[in-house]
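start_29.csv follows; it contains CSV, N, CA and C atoms.
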chain,number,residue,atom,x,y,z
J,1,MET,N,40.5,-19.4,59.9
J,1,MET,CA,39.5,-20.4,59.6
J,1,MET,C,39.7,-20.9,58.2
J,2,GLU,N,39.7,-22.2,58.0
J,2,GLU,CA,39.8,-22.8,56.7
J,2,GLU,C,38.6,-22.7,55.9
J,3,LYS,N,38.7,-22.5,54.6
J,3,LYS,CA,37.6,-22.5,53.7
J,3,LYS,C,37.1,-23.9,53.4
J,4,ARG,N,35.8,-24.1,53.5
J,4,ARG,CA,35.3,-25.4,53.2
J,4,ARG,C,35.5,-25.8,51.8
J,5,VAL,N,35.8,-27.0,51.6
J,5,VAL,CA,36.0,-27.5,50.2
J,5,VAL,C,35.0,-28.7,49.9
J,6,ARG,N,34.4,-28.6,48.8
J,6,ARG,CA,33.4,-29.7,48.4
J,6,ARG,C,34.1,-31.0,48.2
J,7,LYS,N,33.5,-32.1,48.6
J,7,LYS,CA,34.1,-33.4,48.4
J,7,LYS,C,34.1,-33.8,46.9
J,8,SER,N,33.1,-33.3,46.2
J,8,SER,CA,33.1,-33.6,44.7
J,8,SER,C,32.7,-32.3,44.0
J,9,GLU,N,33.1,-32.3,42.7
J,9,GLU,CA,32.7,-31.1,41.9
J,9,GLU,C,31.2,-31.2,41.5
J,10,MET,N,30.7,-30.0,41.3
J,10,MET,CA,29.3,-29.9,40.8
J,10,MET,C,29.2,-30.5,39.5
J,11,SER,N,28.0,-31.2,39.2
J,11,SER,CA,27.8,-31.8,37.9
J,11,SER,C,27.6,-30.7,36.9
J,12,GLN,N,27.8,-31.1,35.7
J,12,GLN,CA,27.6,-30.1,34.5
J,12,GLN,C,26.2,-29.7,34.5
J,13,GLU,N,25.3,-30.5,34.8
J,13,GLU,CA,23.8,-30.1,34.7
J,13,GLU,C,23.5,-29.0,35.7
J,14,ILE,N,24.1,-29.1,36.9
J,14,ILE,CA,23.9,-28.0,37.9
J,14,ILE,C,24.5,-26.7,37.4
J,15,ILE,N,25.6,-26.8,36.8
J,15,ILE,CA,26.3,-25.6,36.3
J,15,ILE,C,25.5,-25.0,35.2
J,16,LEU,N,25.0,-25.8,34.3
J,16,LEU,CA,24.2,-25.3,33.1
J,16,LEU,C,22.8,-24.7,33.6
J,17,LEU,N,22.3,-25.3,34.7
J,17,LEU,CA,21.0,-24.8,35.2
J,17,LEU,C,21.2,-23.4,35.7
J,18,GLY,N,22.3,-23.2,36.4
J,18,GLY,CA,22.7,-21.8,37.0
J,18,GLY,C,22.9,-20.8,35.8
J,19,LYS,N,23.5,-21.3,34.8
J,19,LYS,CA,23.8,-20.4,33.6
J,19,LYS,C,22.4,-20.0,33.0
J,20,ARG,N,21.5,-21.0,32.9
J,20,ARG,CA,20.2,-20.8,32.3
J,20,ARG,C,19.4,-19.8,33.1
J,21,ILE,N,19.5,-19.9,34.4
J,21,ILE,CA,18.8,-18.9,35.3
J,21,ILE,C,19.3,-17.5,35.1
J,22,GLU,N,20.6,-17.4,35.0
J,22,GLU,CA,21.3,-16.1,34.8
J,22,GLU,C,20.9,-15.6,33.4
J,23,GLU,N,20.8,-16.4,32.4
J,23,GLU,CA,20.4,-16.0,31.1
J,23,GLU,C,19.0,-15.4,31.0
J,24,ILE,N,18.1,-16.1,31.7
J,24,ILE,CA,16.7,-15.7,31.8
J,24,ILE,C,16.6,-14.3,32.5
J,25,ILE,N,17.3,-14.2,33.6
J,25,ILE,CA,17.4,-12.9,34.4
J,25,ILE,C,17.8,-11.8,33.5
J,26,LYS,N,18.8,-12.0,32.7
J,26,LYS,CA,19.3,-11.0,31.7
J,26,LYS,C,18.3,-10.7,30.6
J,27,GLU,N,17.7,-11.8,30.1
J,27,GLU,CA,16.7,-11.6,29.0
J,27,GLU,C,15.6,-10.7,29.5
J,28,LYS,N,15.2,-10.9,30.7
J,28,LYS,CA,14.0,-10.2,31.3
J,28,LYS,C,14.5,-8.8,31.9
J,29,ARG,N,15.8,-8.6,31.8
J,29,ARG,CA,16.3,-7.3,32.3
J,29,ARG,C,16.0,-7.1,33.7
J,30,LEU,N,16.2,-8.1,34.5
J,30,LEU,CA,15.9,-8.1,36.0
J,30,LEU,C,17.3,-8.0,36.7
J,31,LYS,N,17.2,-7.7,37.9
J,31,LYS,CA,18.4,-7.7,38.8
J,31,LYS,C,18.3,-8.9,39.7
J,32,THR,N,19.5,-9.5,39.9
J,32,THR,CA,19.5,-10.7,40.8
J,32,THR,C,18.8,-10.5,42.1
J,33,ARG,N,19.0,-9.3,42.7
J,33,ARG,CA,18.4,-9.1,44.0
J,33,ARG,C,16.9,-9.0,43.9
J,34,GLU,N,16.4,-8.5,42.8
J,34,GLU,CA,14.9,-8.4,42.6
J,34,GLU,C,14.4,-9.9,42.5
J,35,VAL,N,15.0,-10.7,41.8
J,35,VAL,CA,14.6,-12.1,41.7
J,35,VAL,C,14.7,-12.8,43.0
J,36,ALA,N,15.7,-12.6,43.8
J,36,ALA,CA,15.9,-13.2,45.1
J,36,ALA,C,14.8,-12.7,46.0
J,37,HIS,N,14.5,-11.4,46.0
J,37,HIS,CA,13.4,-10.9,46.8
J,37,HIS,C,12.1,-11.5,46.5
J,38,ASP,N,11.8,-11.6,45.2
J,38,ASP,CA,10.5,-12.2,44.7
J,38,ASP,C,10.4,-13.7,45.0
J,39,ALA,N,11.6,-14.3,45.1
J,39,ALA,CA,11.6,-15.7,45.4
J,39,ALA,C,11.7,-16.0,46.9
J,40,ASP,N,11.7,-14.9,47.7
J,40,ASP,CA,11.8,-15.0,49.2
J,40,ASP,C,13.0,-15.7,49.6
J,41,MET,N,14.2,-15.3,49.0
J,41,MET,CA,15.4,-16.0,49.4
J,41,MET,C,16.6,-15.0,49.5
J,42,ASP,N,17.7,-15.4,50.0
J,42,ASP,CA,18.8,-14.5,50.2
J,42,ASP,C,19.5,-14.4,48.8
J,43,VAL,N,19.9,-13.2,48.5
J,43,VAL,CA,20.5,-12.9,47.2
J,43,VAL,C,21.9,-13.7,47.1
J,44,GLU,N,22.6,-13.9,48.2
J,44,GLU,CA,23.9,-14.6,48.1
J,44,GLU,C,23.6,-16.1,47.7
J,45,ASN,N,22.5,-16.7,48.2
J,45,ASN,CA,22.2,-18.0,47.8
J,45,ASN,C,21.9,-18.1,46.4
J,46,LEU,N,21.1,-17.2,45.9
J,46,LEU,CA,20.7,-17.2,44.5
J,46,LEU,C,22.0,-17.1,43.6
J,47,ARG,N,22.9,-16.2,44.0
J,47,ARG,CA,24.2,-16.1,43.3
J,47,ARG,C,25.0,-17.4,43.3
J,48,LYS,N,24.9,-18.1,44.4
J,48,LYS,CA,25.6,-19.4,44.4
J,48,LYS,C,25.0,-20.4,43.4
J,49,TYR,N,23.7,-20.4,43.3
J,49,TYR,CA,23.0,-21.3,42.4
J,49,TYR,C,23.4,-20.9,41.0
J,50,ILE,N,23.4,-19.6,40.7
J,50,ILE,CA,23.7,-19.1,39.3
J,50,ILE,C,25.1,-19.5,39.0
J,51,LYS,N,26.0,-19.4,39.9
J,51,LYS,CA,27.4,-19.7,39.6
J,51,LYS,C,27.7,-21.2,39.6
J,52,GLY,N,26.7,-22.0,40.0
J,52,GLY,CA,26.9,-23.5,40.0
J,52,GLY,C,27.7,-23.9,41.2
J,53,LYS,N,27.7,-23.2,42.2
J,53,LYS,CA,28.5,-23.5,43.4
J,53,LYS,C,27.7,-24.2,44.5
J,54,GLN,N,26.4,-24.2,44.3
J,54,GLN,CA,25.5,-24.8,45.3
J,54,GLN,C,24.3,-25.5,44.6
J,55,GLU,N,23.9,-26.7,45.0
J,55,GLU,CA,22.7,-27.3,44.4
J,55,GLU,C,21.5,-26.8,45.1
J,56,MET,N,20.4,-26.7,44.4
J,56,MET,CA,19.2,-26.2,45.0
J,56,MET,C,18.2,-27.4,45.1
J,57,LYS,N,17.3,-27.2,46.1
J,57,LYS,CA,16.2,-28.1,46.3
J,57,LYS,C,15.1,-27.8,45.2
J,58,VAL,N,14.3,-28.8,45.0
J,58,VAL,CA,13.2,-28.6,44.0
J,58,VAL,C,12.3,-27.4,44.4
J,59,GLY,N,12.0,-27.3,45.7
J,59,GLY,CA,11.2,-26.2,46.2
J,59,GLY,C,11.9,-24.8,45.9
J,60,THR,N,13.2,-24.8,46.0
J,60,THR,CA,13.9,-23.5,45.7
J,60,THR,C,13.8,-23.2,44.2
J,61,MET,N,13.9,-24.2,43.4
J,61,MET,CA,13.8,-24.1,42.0
J,61,MET,C,12.5,-23.5,41.6
J,62,LEU,N,11.4,-24.1,42.3
J,62,LEU,CA,10.1,-23.6,42.0
J,62,LEU,C,9.9,-22.1,42.4
J,63,LYS,N,10.5,-21.7,43.5
J,63,LYS,CA,10.4,-20.3,43.9
J,63,LYS,C,11.1,-19.4,42.9
J,64,ILE,N,12.2,-19.9,42.3
J,64,ILE,CA,12.9,-19.1,41.3
J,64,ILE,C,12.1,-19.0,40.1
J,65,VAL,N,11.5,-20.1,39.7
J,65,VAL,CA,10.6,-20.2,38.5
J,65,VAL,C,9.5,-19.2,38.6
J,66,ASN,N,8.8,-19.2,39.8
J,66,ASN,CA,7.7,-18.3,40.0
J,66,ASN,C,8.2,-16.8,40.0
J,67,ALA,N,9.3,-16.6,40.6
J,67,ALA,CA,9.8,-15.2,40.6
J,67,ALA,C,10.2,-14.7,39.2
J,68,LEU,N,10.6,-15.6,38.4
J,68,LEU,CA,10.9,-15.2,37.0
J,68,LEU,C,9.7,-15.2,36.1
J,69,ASN,N,8.6,-15.7,36.6
J,69,ASN,CA,7.3,-15.8,35.8
J,69,ASN,C,7.5,-16.7,34.6
J,70,ILE,N,8.1,-17.8,34.8
J,70,ILE,CA,8.3,-18.8,33.7
J,70,ILE,C,7.8,-20.1,34.0
J,71,GLU,N,7.9,-21.1,33.1
J,71,GLU,CA,7.5,-22.5,33.4
J,71,GLU,C,8.8,-23.2,33.7
J,72,VAL,N,8.7,-24.3,34.4
J,72,VAL,CA,9.9,-25.1,34.8
J,72,VAL,C,10.6,-25.6,33.6
J,73,ASN,N,9.9,-26.0,32.5
J,73,ASN,CA,10.6,-26.5,31.4
J,73,ASN,C,11.4,-25.4,30.7
J,74,ASP,N,11.1,-24.1,30.9
J,74,ASP,CA,11.9,-23.0,30.3
J,74,ASP,C,13.4,-23.1,30.9
J,75,LEU,N,13.6,-23.6,32.0
J,75,LEU,CA,14.9,-23.7,32.6
J,75,LEU,C,15.8,-24.7,31.8
J,76,PHE,N,15.1,-25.7,31.2
J,76,PHE,CA,15.9,-26.8,30.5
J,76,PHE,C,15.9,-26.7,29.0
J,77,LYS,N,15.5,-25.6,28.5
J,77,LYS,CA,15.6,-25.3,27.1
J,77,LYS,C,17.0,-24.9,26.8
J,78,ASN,N,17.5,-25.3,25.6
J,78,ASN,CA,18.8,-24.9,25.1
J,78,ASN,C,19.9,-25.6,25.9
J,79,GLN,N,19.6,-26.7,26.5
J,79,GLN,CA,20.6,-27.5,27.3
J,79,GLN,C,20.9,-28.8,26.5
Could you render the structure as structure tokens?
Amino acid sequence: MEKRVRKSEMSQEIILLGKRIEEIIKEKRLKTREVAHDADMDVENLRKYIKGKQEMKVGTMLKIVNALNIEVNDLFKNQ
């Protein structure tokens, strides 16, 4: 079975957003699986968002924000 290939590369903003989520997780000394559990999502999907391999819906971003106990604008600081 062939691996699916994206038609276009992810935008730099999506990649930076994933890196920022990862940075916050590390700052708070959390585990990715804990955040995924608290956000009621699959840990593999969260890892895809962190790596910038998958875009997330606004609802998903809000779940992650709530799981991290931060404000939405905290995701966009330092960008």
Practice item. Write out as JSON, numbers by chain all residues of chain J that backbone DSSP assigns to helix (DSSP H, G or I). Key: {"J": [12, 13, 14, 15, 16, 17, 18, 19, 20, 21, 22, 23, 24, 25, 26, 27, 32, 33, 34, 35, 36, 37, 38, 43, 44, 45, 46, 47, 48, 49, 50, 58, 59, 60, 61, 62, 63, 64, 65, 66, 67, 68, 72, 73, 74, 75, 76]}
**Study point:** From J:Asp38, J:Ile50, J:Lys19, J:Glu13, residue lying nearest Asn66 of chain J [all atoms listed in the file]
**Key:**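 With all atoms listed in the file as the atom set, the closest residue is J:Asp38.
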Exercise for review: Within 8 Å of segment 68-79 of chain J, counting only C-alpha atoms, which residues show up once you throw out same-chain ones fewer than 4 positions away? Write them as a list of chain:residue names, please.
Suggested key: J:Leu16, J:Leu17, J:Arg20, J:Ile21, J:Ile24, J:Ile25, J:Val35, J:Leu62, J:Ile64
Check your understanding: Any idea what the distance is between atom N of Val65 of chain J and atom CA of Ala36 of chain J?
Key ->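 Atom CA of Ala36 of chain J lies 9.8 Å from atom N of Val65 of chain J.
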Check your understanding: Just how far from atom N of Lys48 of chain J is atom C of Ser11 of chain J, in Å to one decimal?
Key -> 14.9 Å
Practice item. Within 8 Å of Ile14 of chain J, counting only N, CA and C atoms, which residues show up once you throw out same-chain ones fewer than 5 positions away? Write them as an MDAnalysis selection string, please. Key: chainID J and resid 19:20 49:56
Exercise for review: One decimal, Å: what's the distance from atom N of Glu9 of chain J over to atom N of Val43 of chain J, could you say?
Suggested key: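 Result for atom N of Glu9 of chain J versus atom N of Val43 of chain J: 23.9 Å, one decimal.
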